[in-house]
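*Asks:* This is the structure, below, for whatever I ask next.
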Amino acid sequence: MHVVIIGGGIIGATLAHRLGEAGVRVTVIEGGPGATPASFGWINASFYLNDDHFVLRSAGLDAWKRLGGHVTWSGCLCWEETGDAFDAQRDRLSTMGYNVEEVDAQGFAALEPNIKAPERALRFAQEGVAAPAQVVEALLSGVRRITGVHVKGIATSGDTVTGVETAQGLIPADRVVVAAGTGSPSILSTVGVELPMLERPGLMLRTAPVRPLMQHILVTPGQEVRQDAQGHIWAPTAANHQSDDTEEITTRPDLLADAALVRLQSMLPDHPLVWDRVMLAARPVPQDGLPVIGACGPAGLFAAVMHSGVTLAAITAELLAPQVMNATLSNAQSALAAPFTPDRFQSG
Ligand SMILES: Cc1cc2nc3c(=O)[nH]c(=O)nc-3n(C[C@H](O)[C@H](O)[C@H](O)COP(=O)(O)OP(=O)(O)OC[C@H]3O[C@@H](n4cnc5c(N)ncnc54)[C@H](O)[C@@H]3O)c2cc1C
């Protein structure tokens, strides 16, 4: 069996790795960088849209642990909400069975001595971070890749997939997985599969390296922040970026980066910071905000398109690989996957 995966971001890479480990012949085709290199890389279930989404995201953390490596389980300190909203977030997550610990200013200072301590924060010790671009390269090591090639559509014979159409000709395949981020709807539309998406651009700032200043992912009222192993501090230029619903970025990226750096600098007044990169990317967000994972359209076609793709990549690979290989999902896997199939967007 030959599987072509359209998309070499975190979703395509994780699935390609899993299929490759199972002995399947895989080719990844990628047109150019998508959202993954600009991602904040935070792996969490503390943000979610509904109960099914929470369960899937929680399973996402476990799936990364099963995959092994790739993730730094640094934990997260969150004080995005204050007052009653803080209590409500703590209680809601505890009721869902999430591991939540409230820390006071003293406890916070012990965990993060370089950061001005808030009165209290929520600690999600089980959350982690992946360096998305590096993880993609690691997962795709040994996988056949075609880069710089644009897929125009899906080729079929009768009601069965036969490959993908490129400007350079047809690349044959027995199965095709569309993991092409914001490029997915136009590819899927060539076989009548609908995937309406939201416009959700995001900007990510990275500072020049500084000495280690923080251990956790920090979710402050004005900013999400983390520091990578090389010393770069990463921060989305928009506050509350997981629920960011900006449809268009019309302000100059350098000015947004300057403004975000001022917020960062106020958290770390004793450590001069400069930004060395600001990255603009389109988040792949299906219209209802939830992931799309599963078979669609002609036999042999599958889609895997989602925001929070870093959180969800490992569980997506676990749920999709058996389907691509014609294997049966366990009852638990079927229940996890059921709310997120592409069927929900098909009108006819
Ligand atoms: C600023 C920002 C911050 C984020 N922070 C987080 C976070 O903290 N945690 C989290 O879980 N998620 C986060 N996300 C979301 C996450 O990054 C994405 O959900 C994830 O990267 C999507 O991965 P993907 O592989 O589906 O798509 P992408 O990374 O977008 O990759 C798409 C791939 O498809 C290819 N492609 C597209 N069209 C074609 C075509 N026609 N022909 C050939 N190839 C094609 C591209 O070349 C690319 O290889 C963030 C996103 C942004 C923008």
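FYI, nothing fancy with the structure tokens labels: chains A, B, ... in order, residues from 1 per chain, ligands from 1 as they appear.
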Give me, as a ChimeraX atom specification, the residues of range 169-300 of chain A that a backbone DSSP run labels strand (DSSP E or B).
*Replies:* /A:169-172,175-178,197-198,201-207,217-219,224-227,233-236,275-282,285-286,292-295,299
*Asks:* I need the residues in range 248-288 of chain A that are helix (DSSP H, G or I) according to DSSP; give them as a list in words.
*Replies:*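 Residues meeting the helix (DSSP H, G or I) criterion: Pro253, Asp254, Leu255, Leu256, Ala257, Asp258, Ala259, Ala260, Leu261, Val262, Arg263, Leu264, Gln265, Ser266 and Met267 of chain A.
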*Asks:* I need the chosen residues saved as a compact mmCIF listing (two decimals), in the first residue's frame, with N, CA and C atoms.
*Replies:*
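Contents of part32.txt, freshly written:
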# COMPACT_ATOMS: atom_id res chain seq x y z
N PRO A 253 3.73 43.88 11.18
CA PRO A 253 4.22 42.86 12.12
C PRO A 253 5.31 43.37 13.05
N ASP A 254 6.19 44.23 12.53
CA ASP A 254 7.28 44.72 13.38
C ASP A 254 6.73 45.59 14.50
N LEU A 255 5.65 46.34 14.21
CA LEU A 255 5.07 47.19 15.26
C LEU A 255 4.35 46.33 16.30
N LEU A 256 3.67 45.29 15.85
CA LEU A 256 3.02 44.37 16.81
C LEU A 256 4.07 43.67 17.66
N ALA A 257 5.18 43.31 17.04
CA ALA A 257 6.26 42.66 17.80
C ALA A 257 6.85 43.63 18.82
N ASP A 258 7.02 44.89 18.41
CA ASP A 258 7.54 45.90 19.36
C ASP A 258 6.62 46.00 20.58
N ALA A 259 5.30 46.04 20.31
CA ALA A 259 4.32 46.20 21.40
C ALA A 259 4.34 44.97 22.32
N ALA A 260 4.44 43.79 21.71
CA ALA A 260 4.49 42.57 22.53
C ALA A 260 5.77 42.53 23.36
N LEU A 261 6.86 43.04 22.76
CA LEU A 261 8.13 43.04 23.50
C LEU A 261 8.06 43.95 24.72
N VAL A 262 7.33 45.05 24.61
CA VAL A 262 7.17 45.95 25.77
C VAL A 262 6.47 45.18 26.90
N ARG A 263 5.43 44.41 26.54
CA ARG A 263 4.73 43.61 27.57
C ARG A 263 5.68 42.58 28.18
N LEU A 264 6.46 41.94 27.32
CA LEU A 264 7.42 40.93 27.81
C LEU A 264 8.45 41.56 28.73
N GLN A 265 8.94 42.72 28.29
CA GLN A 265 9.99 43.39 29.06
C GLN A 265 9.50 43.78 30.45
N SER A 266 8.20 44.12 30.55
CA SER A 266 7.68 44.50 31.87
C SER A 266 7.62 43.27 32.81
N MET A 267 7.56 42.07 32.22
CA MET A 267 7.62 40.85 33.05
C MET A 267 9.04 40.56 33.51
*Asks:* List as a ChimeraX atom specification the protein and nucleic acid residues near Phe340 in chain A, meaning an atom at most 10 Å away when only C-alpha atoms are counted, but skip any in the same chain fewer than 4 places from it.
*Replies:* /A:52-53,56,290-294,304,335-336,344
*Asks:* Quote the spacing between atom 5 (N, counted along the ligand's line) of ligand 1 and CA of Thr311 in chain A in Å to one decimal place.
*Replies:*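 CA of Thr311 in chain A lies at a distance of 9.0 Å from atom 5 (N, counted along the ligand's line) of ligand 1.
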